[in-house]
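Down below is the structure, laid out as structure tokens.
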Amino acid sequence: MTKAAGPVAVRERVRAFALGLPGAVEEFPWGESVIKVNKKVFVFLGVDDGSHPPGVTVKLTDPEAHGHALSTPGAQPAGYGLGKAGWVRIPLDGQGTPPAELLCDWAEESYRVIAPKKLIAELDGG
């Protein structure tokens with residue numbers, strides 16, 4: 001049995017994956033890392049200075065994925081009213097943290113909700 005990756009490694013894996021998607025860029029509004037496509041955020045990565053618990057926030061509109069994400073211990077609808085639109089914050093520092101692969105799948109779903117059709121077609125090889 002292999003040891004689970006720590007929160008910093010998982011966060012970095014999600015960050016690297018998200019930045020590999022077509023048109024994705026990283027910006028730092030409010031002092032936190034966000035990944036955007038077409039000037040719209042599709043992944044919130046928070047701050048990495050230890051001032052807040054590590055977590056990833058993604059927009060999941062598929063009911064099954066949304067429910068799965070919310071079943072993660074400590075997960076909750078995102079603040080500032082974003083939870084009503086499907087945004088979920090998943091903590092990375094607790095028992096039951098999803099594997100990086102699943103978090104990357106959720107980041108891709110969030111990307112597909114936000115990105116223009118042209119970039120989704122590029123992602124799909126079209």
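Each chain in the structure tokens gets a letter, A, B, ..., in the order shown, and its residues are numbered from 1; ligands are numbered from 1 in order too.
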As a VMD selection string, please: the residues near A:Arg89 (cut-off 12 Å, only C-alpha atoms, same-chain neighbours under 6 positions excluded).
chain A and resid 43 to 46 53 to 60 66 69 to 80 82 to 83 97 103 106 to 107
Next, dump the selected residues to file, keeping only N, CA and C atoms, as a PDB file, in the first residue's frame.
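The file below, part23.pdb, is the result:
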ATOM      1  N   VAL A  43     -11.052  26.850 -11.566  1.00  0.00           N
ATOM      2  CA  VAL A  43     -10.522  26.181 -10.362  1.00  0.00           C
ATOM      3  C   VAL A  43      -9.965  27.245  -9.420  1.00  0.00           C
ATOM      4  N   PHE A  44     -10.406  27.190  -8.175  1.00  0.00           N
ATOM      5  CA  PHE A  44      -9.817  27.994  -7.111  1.00  0.00           C
ATOM      6  C   PHE A  44      -8.878  27.075  -6.343  1.00  0.00           C
ATOM      7  N   LEU A  45      -7.629  27.495  -6.167  1.00  0.00           N
ATOM      8  CA  LEU A  45      -6.648  26.692  -5.434  1.00  0.00           C
ATOM      9  C   LEU A  45      -6.290  27.297  -4.080  1.00  0.00           C
ATOM     10  N   GLY A  46      -6.792  28.463  -3.784  1.00  0.00           N
ATOM     11  CA  GLY A  46      -6.514  29.089  -2.500  1.00  0.00           C
ATOM     12  C   GLY A  46      -5.094  29.607  -2.403  1.00  0.00           C
ATOM     13  N   PRO A  53      -6.583  26.475   5.436  1.00  0.00           N
ATOM     14  CA  PRO A  53      -6.471  25.047   5.133  1.00  0.00           C
ATOM     15  C   PRO A  53      -6.444  24.829   3.618  1.00  0.00           C
ATOM     16  N   PRO A  54      -5.620  23.895   3.145  1.00  0.00           N
ATOM     17  CA  PRO A  54      -5.543  23.657   1.706  1.00  0.00           C
ATOM     18  C   PRO A  54      -6.835  23.052   1.171  1.00  0.00           C
ATOM     19  N   GLY A  55      -7.218  23.511  -0.019  1.00  0.00           N
ATOM     20  CA  GLY A  55      -8.429  22.994  -0.641  1.00  0.00           C
ATOM     21  C   GLY A  55      -8.477  23.358  -2.112  1.00  0.00           C
ATOM     22  N   VAL A  56      -9.394  22.727  -2.796  1.00  0.00           N
ATOM     23  CA  VAL A  56      -9.630  22.978  -4.212  1.00  0.00           C
ATOM     24  C   VAL A  56     -11.122  23.244  -4.365  1.00  0.00           C
ATOM     25  N   THR A  57     -11.472  24.251  -5.151  1.00  0.00           N
ATOM     26  CA  THR A  57     -12.874  24.559  -5.407  1.00  0.00           C
ATOM     27  C   THR A  57     -13.123  24.472  -6.898  1.00  0.00           C
ATOM     28  N   VAL A  58     -14.144  23.696  -7.268  1.00  0.00           N
ATOM     29  CA  VAL A  58     -14.484  23.478  -8.676  1.00  0.00           C
ATOM     30  C   VAL A  58     -15.989  23.603  -8.858  1.00  0.00           C
ATOM     31  N   LYS A  59     -16.391  23.860 -10.104  1.00  0.00           N
ATOM     32  CA  LYS A  59     -17.814  23.948 -10.438  1.00  0.00           C
ATOM     33  C   LYS A  59     -18.244  22.627 -11.049  1.00  0.00           C
ATOM     34  N   LEU A  60     -19.156  21.946 -10.364  1.00  0.00           N
ATOM     35  CA  LEU A  60     -19.643  20.650 -10.819  1.00  0.00           C
ATOM     36  C   LEU A  60     -21.146  20.731 -11.032  1.00  0.00           C
ATOM     37  N   HIS A  66     -21.316  16.216  -8.497  1.00  0.00           N
ATOM     38  CA  HIS A  66     -21.559  17.198  -7.436  1.00  0.00           C
ATOM     39  C   HIS A  66     -21.831  16.483  -6.117  1.00  0.00           C
ATOM     40  N   ALA A  69     -18.632  14.797  -4.816  1.00  0.00           N
ATOM     41  CA  ALA A  69     -17.717  15.777  -4.222  1.00  0.00           C
ATOM     42  C   ALA A  69     -18.200  16.196  -2.829  1.00  0.00           C
ATOM     43  N   LEU A  70     -19.501  16.450  -2.710  1.00  0.00           N
ATOM     44  CA  LEU A  70     -20.036  16.876  -1.412  1.00  0.00           C
ATOM     45  C   LEU A  70     -19.996  15.772  -0.365  1.00  0.00           C
ATOM     46  N   SER A  71     -19.856  14.517  -0.795  1.00  0.00           N
ATOM     47  CA  SER A  71     -19.770  13.419   0.166  1.00  0.00           C
ATOM     48  C   SER A  71     -18.366  13.273   0.760  1.00  0.00           C
ATOM     49  N   THR A  72     -17.402  14.024   0.216  1.00  0.00           N
ATOM     50  CA  THR A  72     -16.047  14.026   0.758  1.00  0.00           C
ATOM     51  C   THR A  72     -16.077  14.660   2.146  1.00  0.00           C
ATOM     52  N   PRO A  73     -15.450  14.030   3.145  1.00  0.00           N
ATOM     53  CA  PRO A  73     -15.443  14.625   4.486  1.00  0.00           C
ATOM     54  C   PRO A  73     -14.921  16.066   4.461  1.00  0.00           C
ATOM     55  N   GLY A  74     -15.714  16.976   5.007  1.00  0.00           N
ATOM     56  CA  GLY A  74     -15.320  18.376   5.081  1.00  0.00           C
ATOM     57  C   GLY A  74     -15.685  19.203   3.859  1.00  0.00           C
ATOM     58  N   ALA A  75     -16.120  18.561   2.774  1.00  0.00           N
ATOM     59  CA  ALA A  75     -16.493  19.319   1.576  1.00  0.00           C
ATOM     60  C   ALA A  75     -17.776  20.097   1.846  1.00  0.00           C
ATOM     61  N   GLN A  76     -17.896  21.219   1.152  1.00  0.00           N
ATOM     62  CA  GLN A  76     -19.084  22.052   1.340  1.00  0.00           C
ATOM     63  C   GLN A  76     -19.311  22.926   0.120  1.00  0.00           C
ATOM     64  N   PRO A  77     -20.545  23.395  -0.065  1.00  0.00           N
ATOM     65  CA  PRO A  77     -20.777  24.358  -1.140  1.00  0.00           C
ATOM     66  C   PRO A  77     -19.879  25.579  -0.904  1.00  0.00           C
ATOM     67  N   ALA A  78     -19.336  26.107  -1.979  1.00  0.00           N
ATOM     68  CA  ALA A  78     -18.431  27.259  -1.869  1.00  0.00           C
ATOM     69  C   ALA A  78     -19.165  28.465  -1.297  1.00  0.00           C
ATOM     70  N   GLY A  79     -18.400  29.319  -0.643  1.00  0.00           N
ATOM     71  CA  GLY A  79     -18.955  30.521  -0.038  1.00  0.00           C
ATOM     72  C   GLY A  79     -19.286  31.602  -1.054  1.00  0.00           C
ATOM     73  N   TYR A  80     -19.697  32.730  -0.553  1.00  0.00           N
ATOM     74  CA  TYR A  80     -20.028  33.902  -1.360  1.00  0.00           C
ATOM     75  C   TYR A  80     -21.144  33.623  -2.361  1.00  0.00           C
ATOM     76  N   LEU A  82     -21.488  31.110  -4.252  1.00  0.00           N
ATOM     77  CA  LEU A  82     -21.076  30.287  -5.389  1.00  0.00           C
ATOM     78  C   LEU A  82     -21.621  28.869  -5.298  1.00  0.00           C
ATOM     79  N   GLY A  83     -21.867  28.390  -4.094  1.00  0.00           N
ATOM     80  CA  GLY A  83     -22.392  27.040  -3.913  1.00  0.00           C
ATOM     81  C   GLY A  83     -23.715  26.834  -4.611  1.00  0.00           C
ATOM     82  N   THR A  97      -9.573  12.522   1.857  1.00  0.00           N
ATOM     83  CA  THR A  97      -9.329  13.419   0.726  1.00  0.00           C
ATOM     84  C   THR A  97      -9.325  12.601  -0.560  1.00  0.00           C
ATOM     85  N   LEU A 103      -9.660  14.514  -8.347  1.00  0.00           N
ATOM     86  CA  LEU A 103      -9.699  15.977  -8.313  1.00  0.00           C
ATOM     87  C   LEU A 103      -9.411  16.552  -9.696  1.00  0.00           C
ATOM     88  N   TRP A 106     -12.509  16.268 -11.745  1.00  0.00           N
ATOM     89  CA  TRP A 106     -13.452  17.327 -11.371  1.00  0.00           C
ATOM     90  C   TRP A 106     -13.000  18.671 -11.927  1.00  0.00           C
ATOM     91  N   ALA A 107     -11.692  18.930 -11.946  1.00  0.00           N
ATOM     92  CA  ALA A 107     -11.178  20.172 -12.540  1.00  0.00           C
ATOM     93  C   ALA A 107     -11.514  20.210 -14.031  1.00  0.00           C
TER      94      ALA A 107
END
Could you find all residues in chain A that DSSP calls strand (DSSP E or B) from the backbone, and write them as a PyMOL selection string?
chain A and resi 24-27+33-37+40-46+55-59+76-77+87-91
Output file for the residues above (N, CA, C and O atoms, as a CSV table (one decimal), in the first residue's frame):
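Contents of the output file selection19.csv:
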chain,number,residue,atom,x,y,z
A,24,ALA,N,-5.8,27.7,-20.6
A,24,ALA,CA,-5.8,27.9,-19.2
A,24,ALA,C,-4.6,28.8,-18.8
A,24,ALA,O,-3.5,28.6,-19.3
A,25,VAL,N,-4.9,29.7,-17.8
A,25,VAL,CA,-3.9,30.6,-17.3
A,25,VAL,C,-4.1,30.7,-15.8
A,25,VAL,O,-5.2,30.5,-15.3
A,26,GLU,N,-3.0,30.9,-15.1
A,26,GLU,CA,-3.1,31.1,-13.6
A,26,GLU,C,-3.0,32.6,-13.3
A,26,GLU,O,-2.2,33.4,-13.9
A,27,GLU,N,-3.8,33.0,-12.4
A,27,GLU,CA,-3.8,34.4,-11.9
A,27,GLU,C,-4.0,34.4,-10.4
A,27,GLU,O,-4.2,33.4,-9.8
A,33,SER,N,-4.4,31.6,-5.7
A,33,SER,CA,-4.2,31.1,-7.0
A,33,SER,C,-5.6,30.6,-7.6
A,33,SER,O,-6.3,29.9,-6.9
A,34,VAL,N,-5.8,31.1,-8.8
A,34,VAL,CA,-7.0,30.6,-9.5
A,34,VAL,C,-6.5,30.2,-10.9
A,34,VAL,O,-5.6,30.8,-11.5
A,35,ILE,N,-7.2,29.3,-11.5
A,35,ILE,CA,-6.9,28.9,-12.9
A,35,ILE,C,-8.2,29.3,-13.7
A,35,ILE,O,-9.3,29.0,-13.4
A,36,LYS,N,-7.9,30.1,-14.8
A,36,LYS,CA,-9.0,30.7,-15.6
A,36,LYS,C,-8.9,30.2,-17.1
A,36,LYS,O,-7.8,29.8,-17.5
A,37,VAL,N,-10.0,30.2,-17.7
A,37,VAL,CA,-10.1,30.0,-19.2
A,37,VAL,C,-11.0,31.1,-19.7
A,37,VAL,O,-12.1,31.3,-19.1
A,40,LYS,N,-12.4,33.5,-17.2
A,40,LYS,CA,-13.3,33.0,-16.1
A,40,LYS,C,-12.7,31.9,-15.3
A,40,LYS,O,-12.1,31.0,-15.9
A,41,VAL,N,-12.8,32.0,-14.0
A,41,VAL,CA,-12.2,31.0,-13.1
A,41,VAL,C,-12.9,29.7,-13.3
A,41,VAL,O,-14.2,29.6,-13.3
A,42,PHE,N,-12.1,28.6,-13.4
A,42,PHE,CA,-12.7,27.2,-13.3
A,42,PHE,C,-12.1,26.4,-12.2
A,42,PHE,O,-12.7,25.4,-11.9
A,43,VAL,N,-11.1,26.9,-11.6
A,43,VAL,CA,-10.5,26.2,-10.4
A,43,VAL,C,-10.0,27.2,-9.4
A,43,VAL,O,-9.2,28.1,-9.8
A,44,PHE,N,-10.4,27.2,-8.2
A,44,PHE,CA,-9.8,28.0,-7.1
A,44,PHE,C,-8.9,27.1,-6.3
A,44,PHE,O,-9.3,26.0,-5.9
A,45,LEU,N,-7.6,27.5,-6.2
A,45,LEU,CA,-6.6,26.7,-5.4
A,45,LEU,C,-6.3,27.3,-4.1
A,45,LEU,O,-5.5,26.7,-3.3
A,46,GLY,N,-6.8,28.5,-3.8
A,46,GLY,CA,-6.5,29.1,-2.5
A,46,GLY,C,-5.1,29.6,-2.4
A,46,GLY,O,-4.4,29.8,-3.4
A,55,GLY,N,-7.2,23.5,0.0
A,55,GLY,CA,-8.4,23.0,-0.6
A,55,GLY,C,-8.5,23.4,-2.1
A,55,GLY,O,-7.7,24.2,-2.6
A,56,VAL,N,-9.4,22.7,-2.8
A,56,VAL,CA,-9.6,23.0,-4.2
A,56,VAL,C,-11.1,23.2,-4.4
A,56,VAL,O,-11.9,22.5,-3.8
A,57,THR,N,-11.5,24.3,-5.2
A,57,THR,CA,-12.9,24.6,-5.4
A,57,THR,C,-13.1,24.5,-6.9
A,57,THR,O,-12.4,25.1,-7.7
A,58,VAL,N,-14.1,23.7,-7.3
A,58,VAL,CA,-14.5,23.5,-8.7
A,58,VAL,C,-16.0,23.6,-8.9
A,58,VAL,O,-16.8,23.5,-7.9
A,59,LYS,N,-16.4,23.9,-10.1
A,59,LYS,CA,-17.8,23.9,-10.4
A,59,LYS,C,-18.2,22.6,-11.0
A,59,LYS,O,-17.8,22.2,-12.1
A,76,GLN,N,-17.9,21.2,1.2
A,76,GLN,CA,-19.1,22.1,1.3
A,76,GLN,C,-19.3,22.9,0.1
A,76,GLN,O,-18.4,23.2,-0.6
A,77,PRO,N,-20.5,23.4,-0.1
A,77,PRO,CA,-20.8,24.4,-1.1
A,77,PRO,C,-19.9,25.6,-0.9
A,77,PRO,O,-19.7,26.0,0.2
A,87,TRP,N,-20.6,25.3,-7.3
A,87,TRP,CA,-19.2,25.3,-6.8
A,87,TRP,C,-19.1,24.5,-5.5
A,87,TRP,O,-19.9,24.7,-4.6
A,88,VAL,N,-18.1,23.7,-5.4
A,88,VAL,CA,-17.9,22.9,-4.2
A,88,VAL,C,-16.4,23.0,-3.8
A,88,VAL,O,-15.5,23.0,-4.6
A,89,ARG,N,-16.2,23.2,-2.5
A,89,ARG,CA,-14.8,23.3,-2.0
A,89,ARG,C,-14.5,22.0,-1.3
A,89,ARG,O,-15.3,21.5,-0.5
A,90,ILE,N,-13.4,21.4,-1.8
A,90,ILE,CA,-13.0,20.1,-1.3
A,90,ILE,C,-11.7,20.3,-0.5
A,90,ILE,O,-10.7,20.8,-1.1
A,91,PRO,N,-11.7,20.0,0.8
A,91,PRO,CA,-10.4,20.1,1.6
A,91,PRO,C,-9.4,19.1,1.2
A,91,PRO,O,-9.8,18.0,0.8
Have a look at A:Leu92, A:Leu21, A:Ala85, A:Leu102 and name the one nearest to A:Ala121; count only C-alpha atoms.
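That would be A:Leu21, the residue with the smallest distance to A:Ala121.
Counting only C-alpha atoms and comparing A:Ala16, A:Leu119, A:Gly50, A:Gly81, the residue that lies closest to A:Asp93 is A:Gly50.
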Atom CA of A:Asp48 and atom CA of A:Leu123 are how many Å apart?
28.4 Å
As a PyMOL selection string, list the residues of chain A assigned to helix (DSSP H, G or I) by DSSP on the backbone atoms of this structure.
chain A and resi 7-19+29-31+63-70+82-85+100-114+117-123
Between atom CA of A:Ala100 and atom CA of A:Arg11, what is the distance in Å, rounded to a tenth?
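Separation of atom CA of A:Ala100 and atom CA of A:Arg11: 7.9 Å.
Counting from atom CA of A:Glu32, the distance to atom CA of A:Pro7 is 15.9 Å.
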Using only C-alpha atoms, the best pick from A:Asn38, A:Ala5, A:Phe17, A:Gly67 as closest to A:Val113 would be A:Asn38
